[in-house]
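Asker: This structure is in structure tokens; I'll ask about it shortly.
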Amino acid sequence: MPTITVLTPVREDGYHYLPELHECLSAQRLPVGWRLEWVLQEDGQTGRALESVPDAPWISKGGGRRGGAAQARTMGLSRATGGLLRCVDADDLLPGQDTLADAIRVLEANPSYGWTVAPCLDLHVDGRLVPGPYDPSPGPLPERALLDGAKRGAFPVVGTTLTARTDLVRLVGGWPAVPAFEDGALVLCCEAVSRGWMLAAPGAVYRKHPDQHTATAAFLDAEETRLRQEVAIDRAEALHAAAWRWVPGA
């Protein structure tokens, strides 16, 4: 049975929104014949984050030494069995019951495409949902569209809207060991070696709240921001220069 794996890293002290995400994933309507697998990986070993979600056959729980989101995603990836992979952060949501199905249908209909991205809605504490400022037009994405945006300082999408073929994620090395923007870096690597598709419907609800990682002073540090984006851009440029292309099923 074809499977889509949703991978969620969660800090040992950042699991308070997980029950809401569990409810959201439980309500997803997948195409006929598809199943959902949720790989939940604690960035730590307390077990508290994992206990906040009930046990179920479709949920795979694990933990490990604390090392940040990129490490937690990589450790969780070892348990992913789906042919498609989607990351959803522990404090975010999917905007509709057909969000995963939208990506599945596009990738089923376009087997030569390796991935999709989608618009993202920012959920503010007052309940407002605000779309991103740089969303590309729906449909096939032009070559280097996302990389060129990143180089201008206007990365067009949110990395956690990525749904990719799992073998492609593994082939490009997954998430680089940077303290943030590892999800955006993965999108740029996928773009460098395969065609991508921009979905029309929103693919994520990005919750804005005071305790989120992206609200910390370290995340907002200008020099660190420059360096982590430089790492992602250099990696993507190297893949473009190699002229290697992902081949479905190879």
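Each chain in the structure tokens gets a letter, A, B and so on, in the order shown; residues start at 1 in every chain, and ligands are counted from 1 in the order they appear.
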Given only C-alpha atoms, how would the per-residue table for region 66-170 of chain A near region 176-196 of chain A read, listing every residue at most 12 Å away with its closest atom pair and distance in Å to one decimal, sorted by chain and number, as a tab-separated table?

Answerer:
residue	atom	partner	partner_atom	distance
A:Gly67	CA	A:Pro179	CA	9.2
A:Gly68	CA	A:Pro179	CA	6.9
A:Ala69	CA	A:Pro179	CA	7.7
A:Ala70	CA	A:Ala177	CA	6.0
A:Gln71	CA	A:Ala177	CA	7.1
A:Ala72	CA	A:Ala177	CA	10.6
A:Arg73	CA	A:Asp183	CA	9.7
A:Thr74	CA	A:Pro176	CA	9.4
A:Arg86	CA	A:Asp183	CA	10.7
A:Cys87	CA	A:Asp183	CA	8.5
A:Val88	CA	A:Asp183	CA	10.3
A:Asp89	CA	A:Asp183	CA	10.4
A:Ala103	CA	A:Gly196	CA	11.0
A:Val106	CA	A:Gly196	CA	10.2
A:Leu107	CA	A:Gly196	CA	9.4
A:Asn110	CA	A:Gly196	CA	9.8
A:Pro111	CA	A:Arg195	CA	10.2
A:Ser112	CA	A:Arg195	CA	7.4
A:Tyr113	CA	A:Arg195	CA	5.0
A:Gly114	CA	A:Ser194	CA	5.7
A:Trp115	CA	A:Gly196	CA	5.0
A:Thr116	CA	A:Gly196	CA	5.4
A:Val117	CA	A:Gly196	CA	7.5
A:Ala118	CA	A:Gly196	CA	10.6
A:Pro136	CA	A:Gly196	CA	11.7
A:Pro138	CA	A:Gly196	CA	10.7
A:Gly139	CA	A:Gly196	CA	8.6
A:Pro140	CA	A:Gly196	CA	6.1
A:Leu141	CA	A:Gly196	CA	5.7
A:Pro142	CA	A:Gly196	CA	8.4
A:Glu143	CA	A:Glu191	CA	7.5
A:Arg144	CA	A:Glu191	CA	6.9
A:Ala145	CA	A:Glu191	CA	8.6
A:Leu146	CA	A:Leu188	CA	6.8
A:Leu147	CA	A:Leu188	CA	6.1
A:Asp148	CA	A:Leu188	CA	9.9
A:Gly149	CA	A:Leu188	CA	10.4
A:Ala150	CA	A:Leu188	CA	8.8
A:Lys151	CA	A:Leu188	CA	11.1
A:Ala154	CA	A:Gly184	CA	11.9
A:Phe155	CA	A:Gly184	CA	8.3
A:Pro156	CA	A:Gly184	CA	9.9
A:Val157	CA	A:Gly184	CA	8.2
A:Val158	CA	A:Gly184	CA	6.8
A:Gly159	CA	A:Gly184	CA	4.3
A:Thr160	CA	A:Asp183	CA	6.1
A:Thr161	CA	A:Asp183	CA	9.1
A:Leu162	CA	A:Val187	CA	6.8
A:Thr163	CA	A:Val187	CA	9.4
A:Ala164	CA	A:Cys190	CA	8.1
A:Arg165	CA	A:Cys190	CA	9.6
A:Thr166	CA	A:Cys190	CA	10.9
A:Asp167	CA	A:Cys190	CA	10.9
A:Leu168	CA	A:Cys190	CA	7.2
A:Val169	CA	A:Cys190	CA	7.3
A:Arg170	CA	A:Leu186	CA	10.3

Asker: Run DSSP on the backbone of this structure and report the residues of region 13-214 of chain A it assigns to strand (DSSP E or B), as a ChimeraX atom specification.

Answerer: /A:35-44,59-64,84-87,93,113-117,120-123,129-131,139-140,163-165,195-198,204-207

Asker: Which parts of region 96-206 of chain A does DSSP call alpha helix (DSSP H) when run on the backbone here, written out as a PyMOL selection string?

Answerer: chain A and resi 99-109+145-151+166-171+182-193

Asker: Would you give me, as a Markdown table, each residue of region 61-98 of chain A having an atom within 7 Å of an atom of region 27-40 of chain A, along with its shortest atom pair and that distance in Å to one decimal, using only C-alpha atoms and sorting by chain and residue number?

Answerer:
| residue | atom | partner | partner_atom | distance |
| --- | --- | --- | --- | --- |
| A:Lys61 | CA | A:Leu40 | CA | 4.9 |
| A:Gly62 | CA | A:Leu40 | CA | 6.4 |
| A:Gly76 | CA | A:Val39 | CA | 6.3 |
| A:Ala80 | CA | A:Val39 | CA | 6.7 |
| A:Gln97 | CA | A:Gln28 | CA | 4.5 |
| A:Asp98 | CA | A:Arg29 | CA | 5.5 |

Asker: If we count only C-alpha atoms, what is near Thr81 (chain A) at a cut-off of 10 Å, once residues fewer than 2 positions away on the same chain are taken out, given as a ChimeraX atom specification?

Answerer: /A:2-5,37,39,77-79,83-85,166

Asker: How would the residues just chosen look if you wrote them out with all heavy atoms as a short mmCIF file (atom, residue, chain, number, x, y, z; two decimals), in the first residue's frame?

Answerer:
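Once written, part.cif looks like this:
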data_model
loop_
_atom_site.label_atom_id
_atom_site.label_comp_id
_atom_site.auth_asym_id
_atom_site.auth_seq_id
_atom_site.Cartn_x
_atom_site.Cartn_y
_atom_site.Cartn_z
N PRO A 2 0.67 2.19 -0.93
CA PRO A 2 1.49 3.39 -0.92
C PRO A 2 1.26 4.20 0.35
O PRO A 2 0.15 4.29 0.86
CB PRO A 2 1.03 4.13 -2.17
CG PRO A 2 -0.33 3.60 -2.48
CD PRO A 2 -0.32 2.18 -2.02
N THR A 3 2.35 4.78 0.84
CA THR A 3 2.33 5.47 2.13
C THR A 3 2.96 6.84 2.00
O THR A 3 3.97 7.01 1.31
CB THR A 3 3.11 4.66 3.18
OG1 THR A 3 2.48 3.38 3.34
CG2 THR A 3 3.16 5.36 4.52
N ILE A 4 2.38 7.83 2.67
CA ILE A 4 3.02 9.12 2.85
C ILE A 4 3.42 9.24 4.31
O ILE A 4 2.61 9.00 5.22
CB ILE A 4 2.12 10.29 2.42
CG1 ILE A 4 2.88 11.63 2.57
CG2 ILE A 4 0.78 10.31 3.16
CD1 ILE A 4 2.20 12.81 1.90
N THR A 5 4.68 9.55 4.54
CA THR A 5 5.21 9.71 5.89
C THR A 5 5.25 11.18 6.25
O THR A 5 5.81 11.99 5.51
CB THR A 5 6.63 9.13 6.00
OG1 THR A 5 6.61 7.73 5.72
CG2 THR A 5 7.20 9.35 7.39
N GLU A 37 1.53 7.59 7.64
CA GLU A 37 2.44 7.21 8.72
C GLU A 37 2.99 8.49 9.35
O GLU A 37 3.46 9.38 8.63
CB GLU A 37 3.60 6.38 8.15
CG GLU A 37 4.72 6.09 9.13
CD GLU A 37 5.90 5.41 8.45
OE1 GLU A 37 6.58 6.06 7.63
OE2 GLU A 37 6.12 4.21 8.72
N VAL A 39 5.82 9.84 11.77
CA VAL A 39 7.07 9.59 12.49
C VAL A 39 7.32 10.78 13.41
O VAL A 39 7.59 11.89 12.94
CB VAL A 39 8.25 9.37 11.52
CG1 VAL A 39 9.56 9.29 12.30
CG2 VAL A 39 8.04 8.11 10.70
N LEU A 77 14.02 10.03 10.05
CA LEU A 77 13.99 9.55 8.67
C LEU A 77 14.35 8.06 8.58
O LEU A 77 13.88 7.35 7.68
CB LEU A 77 14.95 10.37 7.81
CG LEU A 77 15.04 10.03 6.32
CD1 LEU A 77 13.69 10.22 5.63
CD2 LEU A 77 16.12 10.88 5.65
N SER A 78 15.14 7.59 9.53
CA SER A 78 15.52 6.17 9.51
C SER A 78 14.32 5.25 9.67
O SER A 78 14.38 4.07 9.30
CB SER A 78 16.54 5.89 10.63
OG SER A 78 15.93 6.04 11.91
N ARG A 79 13.21 5.76 10.22
CA ARG A 79 12.01 4.95 10.43
C ARG A 79 10.94 5.20 9.38
O ARG A 79 9.87 4.58 9.44
CB ARG A 79 11.43 5.20 11.83
CG ARG A 79 12.42 4.93 12.96
CD ARG A 79 11.71 4.76 14.30
NE ARG A 79 10.75 5.81 14.59
CZ ARG A 79 11.06 7.02 15.06
NH1 ARG A 79 12.32 7.35 15.25
NH2 ARG A 79 10.12 7.90 15.31
N GLY A 83 6.80 6.23 0.53
CA GLY A 83 7.44 6.67 -0.70
C GLY A 83 7.46 8.17 -0.84
O GLY A 83 8.27 8.72 -1.60
N LEU A 84 6.58 8.86 -0.11
CA LEU A 84 6.54 10.31 -0.06
C LEU A 84 6.79 10.76 1.36
O LEU A 84 6.39 10.08 2.32
CB LEU A 84 5.21 10.86 -0.56
CG LEU A 84 4.81 10.55 -2.00
CD1 LEU A 84 3.46 11.19 -2.32
CD2 LEU A 84 5.86 11.03 -2.98
N LEU A 85 7.43 11.92 1.50
CA LEU A 85 7.80 12.43 2.81
C LEU A 85 7.37 13.89 2.94
O LEU A 85 7.62 14.71 2.05
CB LEU A 85 9.32 12.34 3.01
CG LEU A 85 9.86 12.84 4.34
CD1 LEU A 85 9.48 11.87 5.46
CD2 LEU A 85 11.37 13.02 4.28
N THR A 166 10.73 10.22 -1.01
CA THR A 166 11.65 9.92 0.10
C THR A 166 13.02 9.54 -0.40
O THR A 166 14.04 9.92 0.20
CB THR A 166 11.06 8.81 0.98
OG1 THR A 166 9.73 9.18 1.38
CG2 THR A 166 11.89 8.60 2.24
#

Asker: Find the residues of region 181-209 of chain A that sit at most 7 Å from region 92-96 of chain A; for each, write down the nearest two atoms and how far apart they are in Å, to one decimal. Count only C-alpha atoms. Sort by chain, then by number going up, and give it as a Markdown table.

Answerer:
| residue | atom | partner | partner_atom | distance |
| --- | --- | --- | --- | --- |
| A:Pro202 | CA | A:Pro95 | CA | 6.7 |
| A:Gly203 | CA | A:Leu94 | CA | 6.3 |
| A:Ala204 | CA | A:Leu94 | CA | 4.8 |
| A:Val205 | CA | A:Leu93 | CA | 5.0 |
| A:Tyr206 | CA | A:Asp92 | CA | 5.2 |
| A:Arg207 | CA | A:Asp92 | CA | 5.4 |

Asker: Which residue, A:Ala200, A:Leu7, A:Leu100, A:Met1, has the smallest gap to Ile59 (chain A) when you use only C-alpha atoms?

Answerer: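 Selected residue with least distance to Ile59 (chain A): A:Leu7.
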
Asker: From the set A:Leu18, A:Val172, A:Leu25, A:Ala49, which residue has the shortest atom-to-atom contact distance to Arg235 (chain A), counting only C-alpha atoms?

Answerer: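 Among the listed residues, A:Val172 lies closest to Arg235 (chain A).
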
Asker: Would you please work out which residue, of A:Ala90, A:Met75, A:Ala242, A:Cys24, is nearest to Glu12 (chain A) when using only C-alpha atoms?

Answerer: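 For Glu12 (chain A), the nearest of the given residues is A:Ala90.
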
Asker: Find, counting only C-alpha atoms, the residue in A:Val10, A:Ala222, A:Leu199, A:Ile233 that gets nearest to Arg66 (chain A).

Answerer: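 Ranking A:Val10, A:Ala222, A:Leu199, A:Ile233 by distance to Arg66 (chain A), first place goes to A:Val10.
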